[in-house]
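*Asks:* My structure is below; once you've seen it, I'll send some questions.
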Amino acid sequence: MAECFVLLFLVAYAISVGALVFLGWFRQQVKEKKAKNARVLLEEITLIIPFRDEANRLEGLLNSIVSSERQVNSYIFVNDHSSDDSSALIKNKLQGLPILIIDLPSGLSGKKQAIKFGIHQAKTNYILTLDADVSFEKNYLDSLTNLESADLYILPVLMKADNFFHSFFEFDVLLINALNAGVSGWCRPIVASGANLLISKSSYESCSRFSLHEHIASGDDVYLMKDLRAENKEILLSTSSQLLVTTETPRSWREFLNQRIRWIAKTGHVNDPLANAIGIGQAIFAMGFLALIIFLLISSNYGLFWALFGIKCLLDFIFFSPYFKRFKRFNALMLLPLYQVFFPFYQFLLLFLLPFFKPTWKGRQTRVVKQ
């Protein structure tokens, strides 16, 4: 009987996840190759970077801008009530470039407010938003001209760990991004990151339902995607490694939990049926896998336990490897065996903490209020 349950689980997992992630990845590559004639021009782009007390994290971004082979039309840095010398650092480092540093008015705060305020100052057709702590290669800006015109472009963001312990903080993000690419191949993206977004200014101004979520400090990405989707705007995703920006992982467990719980809270508030269905399916597989390995261990069926564990690791390695290979994180897949054991408990911990844990963002407490 145990053999039947294990076989049923593995077959269901292989078919569903294999089709969604692995085959979806190749469908996404075909999508990206079918480019239209209309292209984005650098002269049409304003780069907007909100910042708040980022003096210790700005160096990578500023060096990337200075080292770029080409430049965008203009750069707008929006100061979200910083108390450090971030503004002076930006001015000194980017001398000679078309930069504008503006202060967010005293009645406004948060990343979404900063981006909205910056967009109103922009004069170009497109807005590129980056986080203040990202960095990119010298051909990144030039590679934007390979994109076809669209209302919203979700561009790749990668967290890079600086030690083995922090590798666990980036691993689930890699898996989510690989899943997002697969889902996009079949249908549309379900997640986005404001750390690397290209937005049509006219679409933002005509479609953004800002008043419905302005009370939430962050979430400029998923809420904007929801607003544009409601108006049937064109939302595209790119998996080009040339358009990659990198950022650091959280520096502590508390920072990690803050970030992940904030993401879960936003996802629940956005209430995307497709994302919810995939999340439920993921939870079912995680709980089913955990139940099976516990049952097999209790019943001392170690041979079947190792068969289940090993085959699932192999399947995940196959399904997710194209995404990891694209962004040169293939070695990170070696964490899969540990992650298989850790992930169900990690999910339960986040769901348990969600009602009680009050996440903060840039030193401010965030709120999620159901509309």
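Chains: A, B, ... in order of the structure tokens. Residues: from 1 per chain. Ligands: from 1, in order shown.
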Excluding Ala181 of chain A and its own-chain neighbours fewer than 4 positions away, which residues fall within 10 Å of it when counting only C-alpha atoms? Please give them as a ChimeraX atom specification.

*Replies:* /A:20-22,24-29,156,175-177,185-191,237-239,323

*Asks:* Within segment 201-292 of chain A, find each residue whose DSSP state, derived from the backbone, is strand (DSSP E), and express the selection as a PyMOL selection string.

*Replies:* chain A and resi 235-237+245-248

*Asks:* Counting only C-alpha atoms, what is within 6 Å of segment 225-234 of chain A, bar same-chain residues fewer than 4 positions away, as number ranges by chain?

*Replies:* A: 150-151, 207-208

*Asks:* Between A:Asn146, A:Asp162, A:Gly279, A:Leu174, which residue has the minimum interatomic distance to Lys34 of chain A, considering only C-alpha atoms?

*Replies:*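 Nearest candidate to Lys34 of chain A out of A:Asn146, A:Asp162, A:Gly279, A:Leu174: A:Asn146.
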
*Asks:* I need the residue nearest Tyr140 of chain A from this list: A:Leu243, A:Val183, A:Ile90, A:Leu158. Use only C-alpha atoms for the distance.

*Replies:*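 Comparing A:Leu243, A:Val183, A:Ile90, A:Leu158 against Tyr140 of chain A, the winner is A:Leu243.
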
*Asks:* Any idea what the distance is between atom CA of Phe77 of chain A and atom CA of Leu100 of chain A?

*Replies:*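 For atom CA of Phe77 of chain A relative to atom CA of Leu100 of chain A, the distance reads 6.2 Å.
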
*Asks:* Near Asp84 of chain A, within 12 Å and counting only C-alpha atoms, which residues show up once chain neighbours fewer than 6 positions away are dropped, as a PyMOL selection string?

*Replies:* chain A and resi 51-58+90

*Asks:* Atoms to include: C-alpha atoms. Write the selected residues as a PDB file, in the first residue's frame.

*Replies:*
ATOM      1  CA  PHE A  51      15.994  55.497  -1.333  1.00  0.00           C
ATOM      2  CA  ARG A  52      15.812  55.761   2.432  1.00  0.00           C
ATOM      3  CA  ASP A  53      19.003  55.676   4.524  1.00  0.00           C
ATOM      4  CA  GLU A  54      20.872  53.669   1.885  1.00  0.00           C
ATOM      5  CA  ALA A  55      24.340  55.233   2.192  1.00  0.00           C
ATOM      6  CA  ASN A  56      25.840  51.854   3.116  1.00  0.00           C
ATOM      7  CA  ARG A  57      24.184  50.068   0.177  1.00  0.00           C
ATOM      8  CA  LEU A  58      24.303  52.558  -2.694  1.00  0.00           C
ATOM      9  CA  ILE A  90      24.693  60.284  -5.108  1.00  0.00           C
TER      10      ILE A  90
END

*Asks:* Could you pull out all residues of segment 39-185 of chain A with a DSSP call of alpha helix (DSSP H) and give them as JSON, numbers by chain?

*Replies:* {"A": [59, 60, 61, 62, 63, 64, 65, 66, 67, 86, 87, 88, 89, 90, 91, 92, 93, 111, 112, 113, 114, 115, 116, 117, 118, 119, 120, 121, 140, 141, 142, 143, 164, 165, 166, 167, 168, 169, 170, 171, 172, 173, 174, 175, 176, 177, 178, 179, 180, 181, 182, 183, 184, 185]}

*Asks:* If we count only C-alpha atoms and set the cut-off at 10 Å, which residues sit around Pro250 of chain A, ignoring sequence neighbours fewer than 2 positions away in its own chain? Please answer as an MDAnalysis selection string.

*Replies:* chainID A and resid 159:161 166 169:170 247:248 252:259

*Asks:* List the spatial neighbours of Arg326 of chain A as a list of chain:residue names - criterion: any atom at most 9 Å away, only C-alpha atoms, same-chain residues fewer than 5 positions off excluded.

*Replies:*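 Returned residues: A:Thr239, A:Ser240, A:Ser241, A:Ser321.
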
*Asks:* Please indicate the distance in Å from atom CA of Leu349 of chain A to atom CA of Leu10 of chain A, rounded to one decimal place.

*Replies:*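 Computed distance, atom CA of Leu349 of chain A to atom CA of Leu10 of chain A, equals 25.3 Å.
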